[in-house]
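These notes are about the structure you will find just below.
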Amino acid sequence: MDKNSLKEFVQITERAPNEIMSIVEILGLKPKAKLLDLCCGYGRHSIPLSNMGYKVVGFEISESLLEKAKQQAKQSSVEVDFVFGDMRKLSKKVDGDFDAVINIFTSFGFYTKDSDNQKALNEVAKVLKPGGNFLIDLANRENILKNFKRRQWFTYGDYIVLEENIFDFFSSRLETKRTYIGKDDSREISNFSIRLYSLHEMLAMINKAGLSTSAIYGDFDMKQYSVDSRRMIILAQKPIT
């Protein structure tokens, strides 16, 4: 992941404290619970959660983000077990029996094939202990389409940013290109493509993975999900057998 991608993560740091408190409440985490932060990025959730006394494993496929997470954990004197890997092979990289797994800020749907995204959910089910919870936070497809903008300008720090979007209705993928324009007229480009799933698609995939949906929220304030919700936050549980 390049430095432009890091920009995308750094700008959301300010949301983390509120998200963390909601995560703890929604999951009902007990003291010293074993928690997996799947696609942990640079550790904006892993590190504070570990500091709260939870046993946290951060899992990430971006080496640059993982290195940044390790550095920040060291600076904060916090111990987090950061693991590099592909979430389609999660169970081969980490020990199972997690009390909870979290996947925050639309870190799901980047694989081109739906079958690969399903594999990732199947792997989550494998590493959860019976009765363990899975919390996944996604962009709300319906809200994005309702308010879709082909082009838009905004500012981020010292940059003026041009965002250009294309939505493919055949694949339900959002293709985004962001051009960062500096004060010296320098330009840096960040591209990403993501499969946006509808609620019914996600519920079917979660069920196929062997998990049962417990709750659905529209944001981290735990408001009811609707077409106008910015987020689609789903809580699922692995059945106790």
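Labels for the structure tokens follow display order: chains A, B, ..., residues from 1 in each chain, ligands from 1.
Within 6 Å of Asn133 of chain A, once only C-alpha atoms are used and residues closer than 5 positions along the same chain are dropped, the contacting residues are Ala100, Ala236 and Gln237 of chain A.
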Since we have the selection now, will you write its residues out, keeping C-alpha atoms, as a CSV table (one decimal), in the first residue's frame?
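For reference, again-v5.csv as written:
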```
chain,number,residue,atom,x,y,z
A,100,ALA,CA,-14.7,-11.7,19.1
A,236,ALA,CA,-23.2,-12.0,14.0
A,237,GLN,CA,-22.5,-14.9,16.3
```
So that each row is one residue of segment 17-106 of chain A with an atom at most 12 Å from segment 195-217 of chain A, can you give its shortest atom pair and the distance in Å to one decimal, using only C-alpha atoms, rows by chain and rising number, as a tab-separated table?
```
residue	atom	partner	partner_atom	distance
A:Ser22	CA	A:Tyr217	CA	11.1
A:Ile23	CA	A:Tyr217	CA	11.8
A:Ile26	CA	A:Ala215	CA	9.2
A:Leu27	CA	A:Ser214	CA	10.5
A:Thr106	CA	A:Leu196	CA	9.2
```
Tell me which of A:Gly43, A:Ile160, A:Ser229, A:Gly85 sits closest to Val56 of chain A, counting only C-alpha atoms.
A:Gly43
Kindly indicate which residue among A:Asp86, A:Asp137, A:Asp97, A:Glu63 lies nearest to Ala120 of chain A, using only C-alpha atoms for the distances.
A:Asp86
As an MDAnalysis selection string, list the residues of segment 48-239 of chain A assigned to helix (DSSP H, G or I) by DSSP on the backbone atoms of this structure.
chainID A and resid 48:51 63:75 87:93 114:127 141:146 199:208
Check the smallest atom-to-atom distance from each of A:Glu175, A:Asp37, A:Asp81, A:Asp184 to Tyr159 of chain A using only C-alpha atoms, then report the winner.
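Among A:Glu175, A:Asp37, A:Asp81, A:Asp184, it is A:Asp184 that comes nearest to Tyr159 of chain A.
Between atom CA of Glu164 of chain A and atom CA of Arg141 of chain A the separation is 17.0 Å.
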